[in-house]
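Notes follow the structure.
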Amino acid sequence: MKRKLISILTVLAILTTVTACYELEELTNMNARKKDSKVLVKEIYTGSPIKSANGVNFGPDGNLYIASFGGQEIIVMNKQNGKIIKKIGTDKGVISPDDLAFGPDGSLYWTDINIGEVGRIAPDGTLTKQPVAPGVNPITFSDDGRLFVGLCFLGDGLYELDPNLIAPPRPIIVSSPLNPFPLGFLNGFDFGPDGKLYGPLFAGGAVIRVNVGEPGTPPSTNPFADGTAEFVAGGFTVPAAAKFDSKGVLHVLDQTGEVFKVNTSTGAKTLLAKIQPGLDNLAFDSNGSLFISNADFGSVVQILPSGQPRTISRGGMIAPMGMAVLPGANKKDALFVANIFRLHQINGLTGREENVYKGDLLGGAGNLTTPFTLSADGNNLIVSSYFGRVVQVWNPQTNKVLETYEMEIPIDAIRFKGDIAVSTLLEGVVRASDKSPIFPAGTPIFAPSGLATDGETLWVADWATGSIWQLGSNNIAVELATGLKNPEGLALDKEGGLLVVETGASQLSRIDLATGAVSKIADGLSLSKPAFGQDFALPPTNFFDGVAVGQSGDIYVSGGGRNVVYRISKN
């Protein structure tokens, strides 16, 4: 326990230092890639310009504001052409935004879901933040200027807040030991003409309305029994948001891609549009036009009067991460890329997308989890997810989960000596079957990240210290290389070297296994940011940048910074 505490404190201390200078390093490295005489770096795939499009709302300036949980920022966009006007990021206190709203005075409010805080930027630029509870997610104002937030995914409940974020939050619906999920994850909500709060139950497949009461009203722990909440409409698959238009008509998004109008008196649903699955939130502009965000693909569309979508900002991968290659037809690489809510298969030669599989955010039994890292396992893939806290063996041909192991904050996983080796943030490198440690006790690995193996030897990267550790058949751990900057993905190349993605240096490096010497293969890569220093709900690897090697020896690297996939080949 003492070693675990020391490890956690060490990781957090290093993480805070790293993130303070990371932005400067990224700017320095951006566009710095040079044509090396030995390798050719090509972007074979380009994803969405937005790293997840979540809550949306129109500001007093008429622009569309988009909460981007994955990008750790709020994006201000021109609604006509999709041009990004500015970004409000971690330097302004925005850490893990999931939804946003504007107050009567024009103040911008947002929910930081991971750290459980609500933020406010006043018209004069003053920043205020208030802790509420982990999972704080939907946010809205009533017509008379009262502020409300709900909990979703990391918690379950409903609160009223002081718009100045000074007085303590007033609980309206809270969990209890006998009823830990009193609502079922109330998501993007809005007040109706009757003064009640309408919203979807993400895990309940229904839309409800809530009587929010007045200050002094005791909180409810059983809202459907005591009349605090009541069902309005059911039959949804995964409803994500509900908003009223200027005429008082309720519109509901289902993650299936369906957009419904709902009669709040009868519960009857009318299909308005069917668009790309993965929908997250919606907003109406001053003209009554409907705009919809897509969390899975990072797109924003406008629904025209005909019901057809007009793309405002295109979609694609929002956070390419772990990668694995399975042999494809005609010796073409079938490249699989983890992408939080989806798992993509692309052609390694052309970069063309060939299949997209959905990950289950709610962790339904037998469903593919939200994928963060991948490794090849025969014809299967080993998938790990710190969101889902599981490691799975999954078959892409059948889309079936063959094995599932519950793990605490798994980072990477790979088949090793008849078991699965898993790097975890808190427990080190362990076996999936029984959670027993693989590296000898006392090995100073503080934040294990990427894994690689040749079947007999296991390598692990330590994100915090920049070391690569090697465990041979003699069960002796050796520090193979040191001084790397936040190493993440590992893979063996065709020449017997160990490839390392150095996210802190924006480069791909190679380690000589005989000498431990480190050489640079390609630099100036656009890689993912680490978790922000205050966001301790995320592991430091955050959106993991992976590497995989194809049948010909070509190297693939996920460039999470700009949502691209690189192919690096001999020039």
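Ordering of the structure tokens sets the chain letters (A, B, ...); residue numbers start at 1 within each chain; ligands are numbered from 1 in the order shown.
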- Message: Give me, as a list in words, all polymer residues having an atom no more than 6 Å from region 466-480 of chain A, counting only C-alpha atoms and skipping those fewer than 6 positions away in the same chain.
- Response: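 The residues satisfying every condition are Thr457, Leu458, Trp459, Val460, Asn486 and Gly516 of chain A.
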- DSSP alpha helix (DSSP H) residues within region 58-254 of chain A, listed as number ranges by chain: A: 223-226
Saved selection, atoms kept: C-alpha atoms, as a short mmCIF file (atom, residue, chain, number, x, y, z; two decimals), in the first residue's frame:
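Generated file (again-v8.cif):
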data_model
loop_
_atom_site.label_atom_id
_atom_site.label_comp_id
_atom_site.auth_asym_id
_atom_site.auth_seq_id
_atom_site.Cartn_x
_atom_site.Cartn_y
_atom_site.Cartn_z
CA PRO A 223 -37.93 10.33 -7.32
CA PHE A 224 -40.32 8.14 -9.29
CA ALA A 225 -42.09 6.98 -6.13
CA ASP A 226 -42.49 10.36 -4.45
#
- Distance of CA of Val391 (chain A) from CA of Pro327 (chain A), expressed in Å to one decimal place: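 Distance reported for this atom pair: 22.4 Å.
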- Item | Interatomic distance (Å, one decimal) between CA of Glu488 (chain A) and CA of Gly450 (chain A) | 4.9 Å
- Note on the structure: Counting only C-alpha atoms, closest pick from A:Asp144, A:Ala283, A:Thr256, A:Gln308 relative to Gly188 (chain A) is A:Ala283
- Of the listed residues A:Asn57, A:Ser385, A:Gln302, A:Thr128, that which approaches Ile340 (chain A) most closely, counting only C-alpha atoms: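 With only C-alpha atoms as the atom set, the closest residue is A:Ser385.
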- Item | Exercise: region 424-429 of chain A partners within 8 Å, only C-alpha atoms, chain neighbours under 4 positions left out, as a list of chain:residue names | A:Lys4, A:Ser7, A:Ile8, A:Met407, A:Glu408, A:Ile409, A:Pro410, A:Ile411, A:Asp412, A:Pro437, A:Ile438, A:Phe439, A:Ile445, A:Phe446, A:Ala447, A:Pro448, A:Ser449, A:Pro539
- Write out as a ChimeraX atom specification which residues come within 8 Å of Val356 (chain A) when counting only C-alpha atoms, dropping same-chain ones fewer than 4 positions away. /A:342-345
- Message: Give me the residues near region 153-167 of chain A as a list in words, where near means some atom within 6 Å (using only C-alpha atoms) and where sequence neighbours in that chain fewer than 4 positions away do not count.
- Response: Gln130, Pro134, Gly135, Leu147, Phe148, Val149, Pro171, Ile172, Ile173, Val174, Phe181 and Phe185 of chain A
Go ahead and save the picked residues with N, CA, C and O atoms, as a CSV table (one decimal), in the first residue's frame.
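The resulting part07.csv:
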chain,number,residue,atom,x,y,z
A,130,GLN,N,-16.7,25.8,-9.1
A,130,GLN,CA,-17.3,25.2,-7.9
A,130,GLN,C,-17.3,23.7,-8.0
A,130,GLN,O,-17.9,23.2,-9.0
A,134,PRO,N,-18.4,14.2,-8.9
A,134,PRO,CA,-17.9,13.5,-10.1
A,134,PRO,C,-19.0,13.1,-11.0
A,134,PRO,O,-20.1,12.7,-10.5
A,135,GLY,N,-18.9,13.4,-12.3
A,135,GLY,CA,-19.9,13.0,-13.2
A,135,GLY,C,-20.8,14.2,-13.6
A,135,GLY,O,-21.8,14.0,-14.3
A,147,LEU,N,-30.1,27.9,-12.1
A,147,LEU,CA,-29.1,27.1,-12.7
A,147,LEU,C,-29.2,25.7,-12.2
A,147,LEU,O,-29.2,25.5,-10.9
A,148,PHE,N,-29.2,24.7,-13.1
A,148,PHE,CA,-29.3,23.3,-12.7
A,148,PHE,C,-28.3,22.4,-13.4
A,148,PHE,O,-27.9,22.7,-14.6
A,149,VAL,N,-27.8,21.4,-12.7
A,149,VAL,CA,-26.8,20.5,-13.3
A,149,VAL,C,-27.2,19.1,-12.9
A,149,VAL,O,-27.9,18.9,-11.9
A,171,PRO,N,-29.0,19.9,-3.3
A,171,PRO,CA,-29.4,18.6,-3.9
A,171,PRO,C,-30.9,18.4,-4.1
A,171,PRO,O,-31.7,18.8,-3.2
A,172,ILE,N,-31.3,18.0,-5.3
A,172,ILE,CA,-32.7,17.8,-5.6
A,172,ILE,C,-33.0,16.3,-5.6
A,172,ILE,O,-34.0,15.8,-5.0
A,173,ILE,N,-32.1,15.5,-6.3
A,173,ILE,CA,-32.2,14.1,-6.4
A,173,ILE,C,-30.8,13.5,-6.1
A,173,ILE,O,-29.9,13.9,-6.8
A,174,VAL,N,-30.7,12.6,-5.2
A,174,VAL,CA,-29.4,12.1,-4.8
A,174,VAL,C,-29.5,10.6,-4.7
A,174,VAL,O,-30.6,10.0,-4.5
A,181,PHE,N,-28.7,4.4,-8.1
A,181,PHE,CA,-28.9,5.1,-9.4
A,181,PHE,C,-30.4,5.5,-9.5
A,181,PHE,O,-31.2,4.8,-10.1
A,185,PHE,N,-28.9,8.0,-15.1
A,185,PHE,CA,-28.1,8.9,-15.9
A,185,PHE,C,-28.9,9.9,-16.7
A,185,PHE,O,-29.0,9.7,-17.9
- Might you pull out every residue within 8 Å of Val401 (chain A), with only C-alpha atoms counted and same-chain residues fewer than 3 positions away left off, and present them as JSON, numbers by chain? {"A": [366, 367, 368, 392, 393, 394, 395, 404]}
Dump N, CA, C and O atoms for the selected residues as a CSV table (one decimal), in the first residue's frame?
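Result file follows (out-v6.csv):
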chain,number,residue,atom,x,y,z
A,366,GLY,N,-21.0,-8.7,-22.8
A,366,GLY,CA,-20.8,-9.3,-24.1
A,366,GLY,C,-20.5,-8.3,-25.2
A,366,GLY,O,-20.3,-8.7,-26.3
A,367,ASN,N,-20.6,-7.0,-24.8
A,367,ASN,CA,-20.4,-6.0,-25.9
A,367,ASN,C,-18.9,-5.5,-25.9
A,367,ASN,O,-18.2,-5.5,-24.8
A,368,LEU,N,-18.5,-5.1,-27.0
A,368,LEU,CA,-17.1,-4.5,-27.1
A,368,LEU,C,-17.1,-3.2,-26.3
A,368,LEU,O,-17.9,-2.4,-26.3
A,392,GLN,N,-10.4,-7.1,-22.9
A,392,GLN,CA,-11.2,-8.1,-23.6
A,392,GLN,C,-10.4,-8.7,-24.7
A,392,GLN,O,-9.5,-8.1,-25.3
A,393,VAL,N,-10.7,-10.0,-25.1
A,393,VAL,CA,-10.3,-10.6,-26.3
A,393,VAL,C,-11.5,-10.6,-27.2
A,393,VAL,O,-12.6,-11.1,-26.9
A,394,TRP,N,-11.3,-10.0,-28.4
A,394,TRP,CA,-12.4,-9.7,-29.3
A,394,TRP,C,-12.1,-10.2,-30.7
A,394,TRP,O,-11.0,-10.0,-31.2
A,395,ASN,N,-13.1,-10.8,-31.4
A,395,ASN,CA,-12.9,-11.3,-32.7
A,395,ASN,C,-13.5,-10.3,-33.7
A,395,ASN,O,-14.8,-10.1,-33.7
A,404,THR,N,-13.3,-11.6,-21.1
A,404,THR,CA,-13.4,-10.3,-20.4
A,404,THR,C,-12.7,-10.4,-19.1
A,404,THR,O,-13.0,-11.4,-18.3
- CA of Ala464 (chain A) to CA of Ile420 (chain A): how many Å, to one decimal?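 CA of Ile420 (chain A) lies 23.0 Å from CA of Ala464 (chain A).
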- Name the residues in contact with Gly553 (chain A) at a cut-off of 8 Å, using only C-alpha atoms, excluding same-chain residues fewer than 6 positions from it; report them as JSON, numbers by chain. {"A": [493, 494, 569]}
